[in-house]
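J.: Dropping in work32.cif, with mmCIF, C-alpha atoms.
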data_run
loop_
_atom_site.label_atom_id
_atom_site.label_comp_id
_atom_site.auth_asym_id
_atom_site.auth_seq_id
_atom_site.Cartn_x
_atom_site.Cartn_y
_atom_site.Cartn_z
CA MET A 1 92.45 108.09 129.06
CA LEU A 2 91.64 108.38 125.34
CA THR A 3 91.55 111.96 124.11
CA ILE A 4 90.20 112.69 120.66
CA ASP A 5 90.00 115.97 118.79
CA VAL A 6 89.83 115.27 115.06
CA GLU A 7 88.41 116.35 111.71
CA LYS A 8 87.84 114.01 108.79
CA LYS A 9 86.16 114.62 105.45
CA ILE A 10 83.72 111.86 104.57
CA PRO A 11 81.13 111.84 101.74
CA HIS A 12 78.64 114.72 102.21
CA LYS A 13 80.16 116.16 105.41
CA THR A 14 83.16 116.85 107.58
CA LEU A 15 83.27 114.75 110.69
CA GLN A 16 84.26 116.78 113.77
CA ILE A 17 84.79 114.83 116.95
CA THR A 18 86.01 116.08 120.30
CA CYS A 19 85.78 113.88 123.37
CA THR A 20 87.67 112.38 126.28
CA ILE A 21 87.01 108.78 127.18
CA GLY A 22 88.19 107.22 130.40
CA ASP A 23 88.17 103.55 131.32
CA GLU A 24 84.44 103.35 130.67
CA ILE A 25 81.93 101.88 128.25
CA ILE A 26 80.80 104.42 125.68
CA ALA A 27 77.89 103.93 123.28
CA ILE A 28 77.90 105.72 119.93
CA VAL A 29 74.43 106.10 118.45
CA GLY A 30 73.10 107.88 115.38
CA PRO A 31 71.70 107.30 111.90
CA SER A 32 73.56 105.27 109.28
CA GLY A 33 76.13 107.06 107.14
CA THR A 34 77.05 109.68 109.74
CA GLY A 35 80.59 108.36 110.24
CA LYS A 36 80.33 106.04 113.26
CA THR A 37 82.49 103.35 111.64
CA THR A 38 84.95 105.99 110.38
CA PHE A 39 85.26 107.19 113.98
CA LEU A 40 86.20 103.68 115.14
CA ASN A 41 88.54 103.26 112.14
CA MET A 42 90.39 106.45 113.12
CA ILE A 43 91.03 105.12 116.63
CA ALA A 44 92.17 101.76 115.20
CA GLY A 45 94.48 103.49 112.70
CA ILE A 46 92.76 102.15 109.60
CA VAL A 47 91.76 105.70 108.62
CA THR A 48 93.90 108.75 109.39
CA PRO A 49 92.12 112.00 110.39
CA ASP A 50 92.77 115.07 108.23
CA ASN A 51 93.45 117.27 111.26
CA GLY A 52 93.71 117.07 115.02
CA TYR A 53 95.02 114.35 117.28
CA ILE A 54 94.21 111.11 119.06
CA LYS A 55 96.08 110.42 122.30
CA PHE A 56 95.91 107.35 124.47
CA ARG A 57 97.61 107.44 127.87
CA ASP A 58 101.11 108.71 127.01
CA GLN A 59 100.98 107.69 123.33
CA ILE A 60 100.08 109.96 120.43
CA PHE A 61 98.24 107.74 117.93
CA THR A 62 97.83 110.43 115.29
CA GLN A 63 98.59 114.11 114.91
CA ASP A 64 98.00 116.70 112.16
CA GLY A 65 97.00 114.21 109.46
CA LYS A 66 99.84 111.80 110.22
CA SER A 67 99.66 108.41 111.87
CA CYS A 68 102.33 108.29 114.61
CA ILE A 69 101.66 104.76 115.84
CA PRO A 70 100.65 102.10 113.31
CA THR A 71 97.56 99.96 113.80
CA GLN A 72 99.72 96.94 114.75
CA GLN A 73 101.08 98.71 117.83
CA ARG A 74 97.87 100.28 119.14
CA LYS A 75 96.60 97.13 120.88
CA VAL A 76 93.06 97.86 119.77
CA GLY A 77 90.56 95.00 119.80
CA TYR A 78 88.09 95.65 116.98
CA VAL A 79 84.90 93.80 116.11
CA PHE A 80 83.92 94.82 112.59
CA GLN A 81 80.29 95.19 111.58
CA ASP A 82 80.68 92.40 109.01
CA TYR A 83 82.79 90.38 111.53
CA ALA A 84 85.79 90.10 109.13
CA LEU A 85 86.45 86.49 110.10
CA PHE A 86 89.29 84.81 108.21
CA PRO A 87 87.41 82.44 105.87
CA HIS A 88 90.33 80.01 105.49
CA LYS A 89 90.74 79.53 109.25
CA THR A 90 88.53 77.61 111.65
CA VAL A 91 86.68 79.30 114.49
CA TRP A 92 89.47 78.29 116.89
CA GLU A 93 92.22 79.49 114.52
CA ASN A 94 90.38 82.81 114.20
CA ILE A 95 90.11 83.23 117.97
CA ALA A 96 93.68 82.04 118.60
CA TYR A 97 95.18 84.24 115.85
CA SER A 98 96.51 86.71 118.39
CA MET A 99 95.62 84.96 121.65
CA GLN A 100 97.48 86.02 124.79
CA ASN A 101 96.37 83.32 127.22
CA GLU A 102 94.79 80.00 126.23
CA ASN A 103 93.13 79.19 129.59
CA ARG A 104 91.40 82.54 129.81
CA THR A 105 90.34 82.35 126.16
CA ARG A 106 88.84 78.88 126.67
CA GLU A 107 86.87 80.22 129.63
CA TRP A 108 85.37 83.00 127.50
CA ILE A 109 84.60 80.47 124.78
CA ARG A 110 82.70 78.31 127.30
CA ALA A 111 80.79 81.32 128.62
CA LEU A 112 79.55 82.12 125.11
CA HIS A 113 78.72 78.44 124.37
CA MET A 114 81.11 78.14 121.44
CA GLU A 115 83.06 74.97 122.36
CA HIS A 116 81.25 72.76 119.84
CA LEU A 117 82.00 75.13 116.95
CA LEU A 118 85.76 75.44 117.27
CA ASP A 119 86.58 73.11 114.35
CA LYS A 120 84.08 74.69 111.99
CA TYR A 121 84.87 77.26 109.28
CA PRO A 122 83.08 80.64 109.27
CA ARG A 123 80.97 79.57 106.26
CA GLU A 124 79.56 76.71 108.35
CA ILE A 125 78.23 78.80 111.26
CA SER A 126 75.32 81.24 111.68
CA GLY A 127 75.50 85.06 111.76
CA GLY A 128 75.20 85.11 115.56
CA GLU A 129 77.96 82.54 115.93
CA LYS A 130 80.18 84.56 113.60
CA GLN A 131 79.57 87.62 115.73
CA ARG A 132 80.52 85.73 118.90
CA THR A 133 83.68 84.43 117.17
CA ALA A 134 84.63 88.01 116.26
CA LEU A 135 84.00 89.12 119.86
CA LEU A 136 86.12 86.27 121.23
CA ARG A 137 88.93 87.04 118.79
CA ALA A 138 89.00 90.66 119.99
CA TYR A 139 88.89 89.55 123.66
CA ALA A 140 91.63 86.93 123.17
CA MET A 141 94.21 89.58 122.26
CA GLU A 142 93.47 91.28 125.61
CA PRO A 143 93.38 94.78 124.16
CA GLN A 144 94.01 98.18 125.70
CA ILE A 145 91.05 99.68 123.85
CA LEU A 146 88.00 97.77 122.65
CA LEU A 147 86.05 98.95 119.59
CA LEU A 148 82.80 97.20 118.75
CA ASP A 149 80.77 98.01 115.64
CA GLU A 150 77.24 96.76 116.32
CA PRO A 151 78.67 93.75 118.15
CA PHE A 152 75.44 92.18 119.40
CA SER A 153 73.05 92.87 116.52
CA ALA A 154 72.91 89.28 115.21
CA LEU A 155 72.57 87.57 118.59
CA ASP A 156 69.40 86.08 120.04
CA GLU A 157 68.04 87.61 123.25
CA ARG A 158 69.54 85.01 125.59
CA THR A 159 73.03 85.22 124.05
CA LYS A 160 72.78 89.01 124.05
CA GLU A 161 72.25 89.04 127.81
CA THR A 162 75.19 86.64 128.34
CA SER A 163 77.37 88.79 126.07
CA TYR A 164 76.46 91.99 127.96
CA THR A 165 77.39 90.35 131.25
CA GLN A 166 80.66 89.03 129.81
CA LEU A 167 81.62 92.41 128.35
CA CYS A 168 80.86 94.20 131.63
CA ARG A 169 82.86 91.60 133.56
CA LEU A 170 85.86 91.92 131.21
CA HIS A 171 85.65 95.68 131.42
CA GLU A 172 85.64 95.43 135.18
CA GLN A 173 88.84 93.34 135.03
CA TRP A 174 90.69 95.19 132.28
CA LYS A 175 89.59 98.77 133.04
CA ILE A 176 90.02 99.98 129.46
CA PRO A 177 88.01 102.29 127.18
CA VAL A 178 85.27 100.34 125.39
CA ILE A 179 83.49 102.10 122.53
CA PHE A 180 80.56 100.42 120.85
CA VAL A 181 78.31 101.49 118.02
CA THR A 182 74.68 100.47 118.39
CA HIS A 183 71.13 101.17 117.26
CA ASN A 184 69.63 99.35 120.24
CA PRO A 185 68.42 101.60 123.14
CA HIS A 186 68.13 98.58 125.47
CA GLU A 187 71.83 97.83 124.92
CA VAL A 188 72.73 101.43 125.69
CA LYS A 189 70.75 101.39 128.92
CA LYS A 190 72.13 98.02 129.94
CA ILE A 191 75.89 98.48 129.49
CA ALA A 192 76.90 102.03 128.53
CA ASN A 193 78.32 104.45 131.10
CA ARG A 194 77.91 107.35 128.68
CA VAL A 195 76.34 107.90 125.27
CA TYR A 196 77.42 110.06 122.33
CA ARG A 197 75.15 110.81 119.41
CA LEU A 198 76.73 111.26 115.99
CA GLY A 199 74.44 113.12 113.61
CA GLU A 200 75.19 116.51 112.11
CA THR A 201 77.44 117.02 115.14
CA PHE A 202 79.01 114.83 117.80
CA VAL A 203 77.42 115.46 121.20
CA GLU A 204 77.11 113.68 124.48
CA GLU A 205 73.58 112.60 125.27
CA ARG A 206 72.14 112.85 128.75
CA THR A 207 70.69 109.51 129.80
CA MET B 1 108.49 57.66 62.25
CA GLU B 2 111.85 59.35 62.23
CA GLN B 3 113.99 59.16 65.35
CA VAL B 4 112.87 62.03 67.60
CA ASN B 5 115.49 64.04 69.47
CA LEU B 6 114.00 64.78 72.89
CA PHE B 7 116.12 67.88 73.47
CA PRO B 8 113.22 70.28 72.68
CA PHE B 9 111.12 68.64 75.41
CA TRP B 10 113.74 69.13 78.13
CA LEU B 11 114.60 72.62 76.92
CA SER B 12 110.92 73.69 76.90
CA LEU B 13 110.33 72.14 80.32
CA LYS B 14 113.44 73.75 81.84
CA THR B 15 112.61 77.13 80.32
CA ALA B 16 108.95 77.02 81.36
CA LEU B 17 109.79 75.95 84.94
CA ILE B 18 112.50 78.55 85.51
CA SER B 19 110.54 81.37 83.86
CA THR B 20 107.45 80.42 85.92
CA VAL B 21 109.38 80.61 89.19
CA PHE B 22 110.70 84.04 88.22
CA VAL B 23 107.34 85.28 86.94
CA PHE B 24 105.56 83.94 90.07
CA ILE B 25 107.81 85.77 92.53
CA ILE B 26 108.18 89.08 90.68
CA GLY B 27 104.60 89.04 89.36
CA MET B 28 103.19 88.44 92.83
CA MET B 29 105.29 91.21 94.39
CA ILE B 30 104.39 93.82 91.76
CA ALA B 31 100.73 92.75 91.70
CA TYR B 32 100.46 93.01 95.51
CA PHE B 33 101.95 96.49 95.45
CA VAL B 34 99.73 97.66 92.56
CA ALA B 35 96.58 96.09 94.06
CA LYS B 36 97.05 97.81 97.43
CA LYS B 37 98.52 101.20 96.53
CA ASP B 38 97.52 104.15 94.43
CA PHE B 39 100.45 106.07 92.98
CA PHE B 40 101.30 108.41 90.15
CA GLY B 41 101.76 106.55 86.85
CA LYS B 42 99.99 103.38 88.03
CA SER B 43 97.90 103.10 84.84
CA VAL B 44 100.97 103.63 82.66
CA LEU B 45 102.89 100.92 84.53
CA GLU B 46 99.97 98.51 84.19
CA ALA B 47 99.68 99.23 80.46
CA ILE B 48 103.40 98.54 79.94
CA ILE B 49 103.19 95.25 81.87
CA MET B 50 100.16 94.11 79.85
CA LEU B 51 101.55 95.15 76.43
CA PRO B 52 103.12 91.76 75.51
CA LEU B 53 99.66 90.22 75.79
CA VAL B 54 98.22 92.32 72.96
CA LEU B 55 101.27 92.90 70.76
CA PRO B 56 102.22 90.43 68.00
CA PRO B 57 105.03 88.15 69.27
CA THR B 58 107.27 89.45 66.49
CA VAL B 59 106.96 92.97 67.88
CA VAL B 60 107.87 91.72 71.36
CA GLY B 61 110.80 89.81 69.80
CA PHE B 62 111.91 92.91 67.92
CA GLY B 63 111.77 94.95 71.13
CA LEU B 64 113.85 92.36 72.95
CA LEU B 65 116.36 92.27 70.10
CA TYR B 66 116.54 96.05 70.17
CA LEU B 67 117.27 96.09 73.91
CA PHE B 68 119.27 92.89 74.37
CA GLY B 69 121.00 92.59 70.98
CA LYS B 70 124.77 92.99 70.64
CA ASN B 71 124.29 96.70 70.02
CA GLY B 72 121.30 97.02 72.30
CA PHE B 73 121.41 99.18 75.38
CA ILE B 74 121.09 96.31 77.89
CA GLY B 75 122.80 93.70 75.68
CA LYS B 76 125.96 95.80 75.44
CA TRP B 77 126.02 96.35 79.18
CA LEU B 78 125.50 92.66 79.98
CA MET B 79 128.32 91.71 77.63
CA ALA B 80 130.70 94.30 79.08
CA GLN B 81 129.90 93.62 82.74
CA PHE B 82 129.21 89.88 82.87
CA ASP B 83 130.33 88.57 79.48
CA VAL B 84 126.78 87.32 78.93
CA GLN B 85 125.18 87.14 75.51
CA ILE B 86 121.39 86.95 75.29
CA VAL B 87 120.80 86.74 71.53
CA PHE B 88 120.95 83.22 70.02
CA THR B 89 121.45 81.58 73.42
CA TRP B 90 119.25 79.83 75.98
CA TYR B 91 119.10 83.10 77.94
CA GLY B 92 117.21 84.56 74.99
CA VAL B 93 114.73 81.66 75.11
CA LEU B 94 114.25 82.24 78.85
CA LEU B 95 113.90 86.00 78.46
CA ALA B 96 111.21 85.63 75.75
CA ALA B 97 109.30 83.13 77.92
CA ILE B 98 109.42 85.49 80.92
CA VAL B 99 108.28 88.54 78.97
CA VAL B 100 105.31 86.87 77.25
CA SER B 101 104.09 84.94 80.30
CA PHE B 102 104.49 87.77 82.83
CA PRO B 103 101.20 89.59 81.97
CA LEU B 104 99.16 86.43 82.57
CA MET B 105 100.60 85.96 86.04
CA TYR B 106 100.35 89.68 86.81
CA GLN B 107 96.72 89.96 85.71
CA SER B 108 95.61 86.92 87.75
CA ALA B 109 97.60 88.05 90.80
CA VAL B 110 96.19 91.61 90.81
CA ALA B 111 92.65 90.21 90.58
CA ALA B 112 93.45 87.70 93.34
CA PHE B 113 94.73 90.40 95.71
CA GLN B 114 91.72 92.63 95.00
CA GLN B 115 88.96 90.05 95.32
CA TYR B 116 88.94 89.50 99.09
CA ASP B 117 87.66 91.90 101.74
CA ARG B 118 90.38 94.36 102.78
CA ASN B 119 88.94 94.39 106.30
CA LEU B 120 90.49 90.93 106.74
CA GLU B 121 93.94 92.51 106.52
CA TYR B 122 92.92 95.47 108.66
CA VAL B 123 91.57 93.23 111.40
CA ALA B 124 94.82 91.25 111.34
CA TYR B 125 96.74 94.51 111.80
CA THR B 126 94.54 95.43 114.77
CA LEU B 127 95.45 92.03 116.21
CA GLY B 128 99.06 93.21 116.31
CA LYS B 129 100.48 91.29 113.35
CA SER B 130 103.22 92.74 111.16
CA ARG B 131 102.74 93.35 107.41
CA TRP B 132 104.97 90.39 106.63
CA ASN B 133 102.97 88.11 108.95
CA VAL B 134 99.63 89.36 107.57
CA PHE B 135 100.84 88.76 104.03
CA TRP B 136 101.74 85.10 104.70
CA THR B 137 98.86 84.24 107.03
CA ILE B 138 96.01 86.19 105.40
CA SER B 139 96.72 87.80 102.00
CA PHE B 140 98.66 84.94 100.41
CA PRO B 141 96.30 82.08 101.40
CA LEU B 142 93.25 84.11 100.31
CA ALA B 143 94.85 85.05 96.99
CA TRP B 144 96.29 81.56 96.44
CA PRO B 145 93.62 80.24 94.02
CA GLY B 146 94.15 83.26 91.73
CA LEU B 147 97.93 83.07 92.10
CA LEU B 148 97.90 79.39 91.20
CA SER B 149 95.68 80.02 88.20
CA GLY B 150 98.11 82.72 86.99
CA THR B 151 101.05 80.39 87.56
CA VAL B 152 99.55 77.57 85.51
CA LEU B 153 98.59 79.95 82.69
CA ALA B 154 102.07 81.51 82.73
CA PHE B 155 103.65 78.05 82.64
CA ALA B 156 101.50 76.99 79.68
CA ARG B 157 102.22 80.27 77.86
CA ALA B 158 105.97 79.92 78.47
CA LEU B 159 105.85 76.35 77.18
CA GLY B 160 104.08 77.43 74.00
CA GLU B 161 106.10 80.57 73.27
CA PHE B 162 107.23 80.77 69.64
CA GLY B 163 107.40 84.15 67.88
CA ALA B 164 109.48 86.20 70.28
CA THR B 165 111.75 83.22 70.97
CA LEU B 166 112.47 82.77 67.28
CA MET B 167 113.26 86.48 66.91
CA ILE B 168 115.72 86.67 69.81
CA ALA B 169 117.10 83.13 70.08
CA GLY B 170 116.65 81.85 66.54
CA TYR B 171 116.69 78.17 65.62
CA ILE B 172 119.90 76.51 66.76
CA PRO B 173 119.39 72.74 67.10
CA ASN B 174 120.21 71.48 70.59
CA VAL B 175 120.61 75.03 71.85
CA THR B 176 117.44 77.06 71.32
CA ASP B 177 114.96 74.65 69.73
CA THR B 178 111.95 74.53 72.05
CA ILE B 179 108.94 72.34 71.20
CA PRO B 180 107.05 75.06 69.23
CA ILE B 181 110.20 75.90 67.24
CA ALA B 182 110.90 72.21 66.63
CA ILE B 183 107.34 71.83 65.27
CA TYR B 184 107.75 74.76 62.88
CA PHE B 185 111.07 73.57 61.48
CA ALA B 186 109.95 69.92 61.32
CA VAL B 187 106.99 70.96 59.16
CA GLU B 188 109.21 73.19 57.03
CA SER B 189 111.63 70.36 56.35
CA GLY B 190 108.80 67.86 55.67
CA GLU B 191 109.32 65.77 58.84
CA MET B 192 105.62 65.44 59.53
CA GLY B 193 106.06 62.51 61.93
CA VAL B 194 108.31 64.57 64.21
CA ALA B 195 105.93 67.54 63.98
CA LYS B 196 102.97 65.32 64.93
CA PHE B 197 104.88 63.90 67.89
CA TRP B 198 105.60 67.36 69.30
CA VAL B 199 102.08 68.63 68.57
CA VAL B 200 100.56 65.73 70.50
CA THR B 201 103.07 66.22 73.34
CA ILE B 202 102.34 69.91 73.77
CA VAL B 203 98.57 69.42 73.49
CA ILE B 204 98.71 66.78 76.23
CA ILE B 205 100.80 69.00 78.55
CA GLY B 206 98.51 72.01 77.95
CA PHE B 207 95.38 69.91 78.49
CA ILE B 208 96.69 68.40 81.73
CA ALA B 209 97.65 71.85 83.07
CA ILE B 210 94.24 73.40 82.37
CA TYR B 211 92.28 70.31 83.45
CA TRP B 212 94.17 70.10 86.74
CA LEU B 213 93.71 73.81 87.37
CA ASN B 214 89.95 73.62 86.84
CA TRP B 215 89.66 70.53 89.03
CA TRP B 216 91.71 72.10 91.80
CA SER B 217 89.84 75.43 91.65
CA ARG B 218 86.46 73.70 91.96
CA LYS B 219 87.71 71.61 94.86
CA HIS B 220 89.11 74.56 96.80
CA MET B 221 86.53 77.18 95.86
CA MET B 222 84.29 76.35 98.84
CA LYS B 223 87.05 76.76 101.39
CA HIS B 224 87.48 80.43 100.59
CA LYS B 225 83.83 81.40 100.64
CA GLN B 226 82.76 83.61 103.55
#
Please go through the file and, once you have read it, give me the structure as structure tokens.
T.:
Amino acid sequence: MLTIDVEKKIPHKTLQITCTIGDEIIAIVGPSGTGKTTFLNMIAGIVTPDNGYIKFRDQIFTQDGKSCIPTQQRKVGYVFQDYALFPHKTVWENIAYSMQNENRTREWIRALHMEHLLDKYPREISGGEKQRTALLRAYAMEPQILLLDEPFSALDERTKETSYTQLCRLHEQWKIPVIFVTHNPHEVKKIANRVYRLGETFVEERT
Amino acid sequence: MEQVNLFPFWLSLKTALISTVFVFIIGMMIAYFVAKKDFFGKSVLEAIIMLPLVLPPTVVGFGLLYLFGKNGFIGKWLMAQFDVQIVFTWYGVLLAAIVVSFPLMYQSAVAAFQQYDRNLEYVAYTLGKSRWNVFWTISFPLAWPGLLSGTVLAFARALGEFGATLMIAGYIPNVTDTIPIAIYFAVESGEMGVAKFWVVTIVIIGFIAIYWLNWWSRKHMMKHKQ
């Protein structure tokens, strides 16, 4: 269970977020610039909230403006919006950077049709392939929480469908909180258990 | 041509190599810290580090003499504690080389640590890697072209150092006569052949260093593009 009750000043507003997330897939929707990425960054420990707390299971990630557990120890898999692939490492080296199990990782690579790209550098592959590499890198660490910032936006329709199925299957196995930011209503309908809208306020949307 | 004593070549090379190793390690550490952190007095610290780049070498030499001279604050302490004299010794030559070449390394290193996307370090942290591990596997390789460029420039600057060296170490043949100092005193004493020899030598070394750096940067530029 991930419990969040935080406040964070961002340009033009104060972000106030209160929610409890179980081992489910949550979609975060809302216009650009409302703080969706900041929300994910707070869970990952990249940004510290000004007030409030973030708790995960029996761990307190952050409390009263202080980070209690550093990013390195949170076991958060994070796919950044711009992928953040290491440019000096090949696709395989990116995926294997924090890999837990090679056999499982190779299975996921096959499912996303990435075997032929493993020796290439990020500059040599397309946007969609970069996005899949970033997804695989986050999966390979076998996280306790998965944060995805528009993870499927650059994929073609067929790969999107495969990726949805793979994410749902992994979620089924791992039973962890998965939070993904999206602008795609089809994606929300297809994989999210619940939806939160982040605009002026942070509210759960009835689907 | 008169018989040329090769001592200045070996002294310059030794000084430039040792000062570059020192400047590389310390410069990289300070630059990494400054590039990643905001703290009180950061601008003042940066201005102090960069000062030797804009000040006349004689002013830098005077400052070093003031601090490291026999009656200087640090000089006195070094003599009392370690029986080490800086003025008119090879240590003075080394100190001058370090001080004048440090800003070049520092400037390149700060730029190198600031030019790549910080998310690359953040994502490595989310993948469970320690700061030390992230530094060696992500930050250092990504900053390497800039660090190397700073190192080559610092080496070339240390090799060519003249003014501050003359102020603090003077001209003592076979003790403190680096190539630039040997050139100056060869010209002064009318030994134009010797002066020409050293001029050609130092031009060749400088040219090779810069040429190699440019060649290497072009070759490796592509690898670090996103």
J.: Could you expand the PyMOL selection byres ((chain B and resi 32) around 10) into the explicit residues it covers here, written as a PyMOL selection string?
T.: chain B and resi 26-31+33-37+106+109-114+135+139-140+143
J.: With only C-alpha atoms as the basis for distance, which of A:Ala154, A:Val6, A:Ala138, A:Ile28 is at the shortest distance from chain B?
T.: A:Ala138
J.: Which residues come within 12 Å of stretch 59-64 of chain A, counting all atoms listed in the file, excluding same-chain residues fewer than 3 positions away, as a PyMOL selection string?
T.: chain A and resi 1-8+42-56+67-76
J.: If we count all atoms listed in the file, which residues of chain B reach to within 12 Å of chain A? Please list them as a PDB file with C-alpha atoms, in the coordinates of the input.
T.:
ATOM      1  CA  TYR B 116      88.940  89.500  99.090  1.00  0.00           C
ATOM      2  CA  ASP B 117      87.660  91.900 101.740  1.00  0.00           C
ATOM      3  CA  ARG B 118      90.380  94.360 102.780  1.00  0.00           C
ATOM      4  CA  ASN B 119      88.940  94.390 106.300  1.00  0.00           C
ATOM      5  CA  LEU B 120      90.490  90.930 106.740  1.00  0.00           C
ATOM      6  CA  GLU B 121      93.940  92.510 106.520  1.00  0.00           C
ATOM      7  CA  TYR B 122      92.920  95.470 108.660  1.00  0.00           C
ATOM      8  CA  VAL B 123      91.570  93.230 111.400  1.00  0.00           C
ATOM      9  CA  ALA B 124      94.820  91.250 111.340  1.00  0.00           C
ATOM     10  CA  TYR B 125      96.740  94.510 111.800  1.00  0.00           C
ATOM     11  CA  THR B 126      94.540  95.430 114.770  1.00  0.00           C
ATOM     12  CA  LEU B 127      95.450  92.030 116.210  1.00  0.00           C
ATOM     13  CA  GLY B 128      99.060  93.210 116.310  1.00  0.00           C
ATOM     14  CA  LYS B 129     100.480  91.290 113.350  1.00  0.00           C
ATOM     15  CA  SER B 130     103.220  92.740 111.160  1.00  0.00           C
ATOM     16  CA  ARG B 131     102.740  93.350 107.410  1.00  0.00           C
ATOM     17  CA  TRP B 132     104.970  90.390 106.630  1.00  0.00           C
ATOM     18  CA  ASN B 133     102.970  88.110 108.950  1.00  0.00           C
ATOM     19  CA  VAL B 134      99.630  89.360 107.570  1.00  0.00           C
ATOM     20  CA  THR B 137      98.860  84.240 107.030  1.00  0.00           C
ATOM     21  CA  ILE B 138      96.010  86.190 105.400  1.00  0.00           C
ATOM     22  CA  SER B 139      96.720  87.800 102.000  1.00  0.00           C
ATOM     23  CA  PHE B 140      98.660  84.940 100.410  1.00  0.00           C
ATOM     24  CA  PRO B 141      96.300  82.080 101.400  1.00  0.00           C
ATOM     25  CA  LEU B 142      93.250  84.110 100.310  1.00  0.00           C
ATOM     26  CA  ALA B 143      94.850  85.050  96.990  1.00  0.00           C
ATOM     27  CA  TRP B 144      96.290  81.560  96.440  1.00  0.00           C
ATOM     28  CA  PRO B 145      93.620  80.240  94.020  1.00  0.00           C
ATOM     29  CA  HIS B 220      89.110  74.560  96.800  1.00  0.00           C
ATOM     30  CA  MET B 221      86.530  77.180  95.860  1.00  0.00           C
ATOM     31  CA  MET B 222      84.290  76.350  98.840  1.00  0.00           C
ATOM     32  CA  LYS B 223      87.050  76.760 101.390  1.00  0.00           C
ATOM     33  CA  HIS B 224      87.480  80.430 100.590  1.00  0.00           C
ATOM     34  CA  LYS B 225      83.830  81.400 100.640  1.00  0.00           C
ATOM     35  CA  GLN B 226      82.760  83.610 103.550  1.00  0.00           C
TER      36      GLN B 226
END
J.: I need the residue set behind the PyMOL selection byres ((chain B and resi 202) around 12) for this file; please write it as a PyMOL selection string.
T.: chain B and resi 8-9+12-13+156-161+178-183+195-201+203-209
J.: So the first atom is atom CA of A:Leu40 and the second is atom CA of A:Glu24; what is the distance between them in Å, to one decimal place?
T.: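 Between atom CA of A:Leu40 and atom CA of A:Glu24 the gap is 15.6 Å.
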J.: Using all atoms listed in the file, find the one residue out of A:Glu93, A:Glu200, A:Glu172, A:Glu129 that sits nearest to A:Leu155.
T.: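 Among the listed residues, the smallest separation from A:Leu155 belongs to A:Glu129.
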J.: Can you list what the PyMOL selection byres ((chain B and resi 213) around 10) grabs from this structure, as a ChimeraX atom specification?
T.: /B:145,148-153,207-212,214-219
J.: Figure out the distance between atom CA of A:Arg132 and atom CA of A:Arg104, please, to one decimal in Å.
T.: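 These atoms are spaced 15.7 Å apart.
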J.: Taking every listed atom of stretch 3-11 of chain A and adding 4 Å to each side, what centre and edge lengths in Å (one decimal) does the axis-aligned box have, as AutoDock Vina command-line options?
T.:
--center_x 86.3 --center_y 114.1 --center_z 112.9 --size_x 18.4 --size_y 12.5 --size_z 30.4
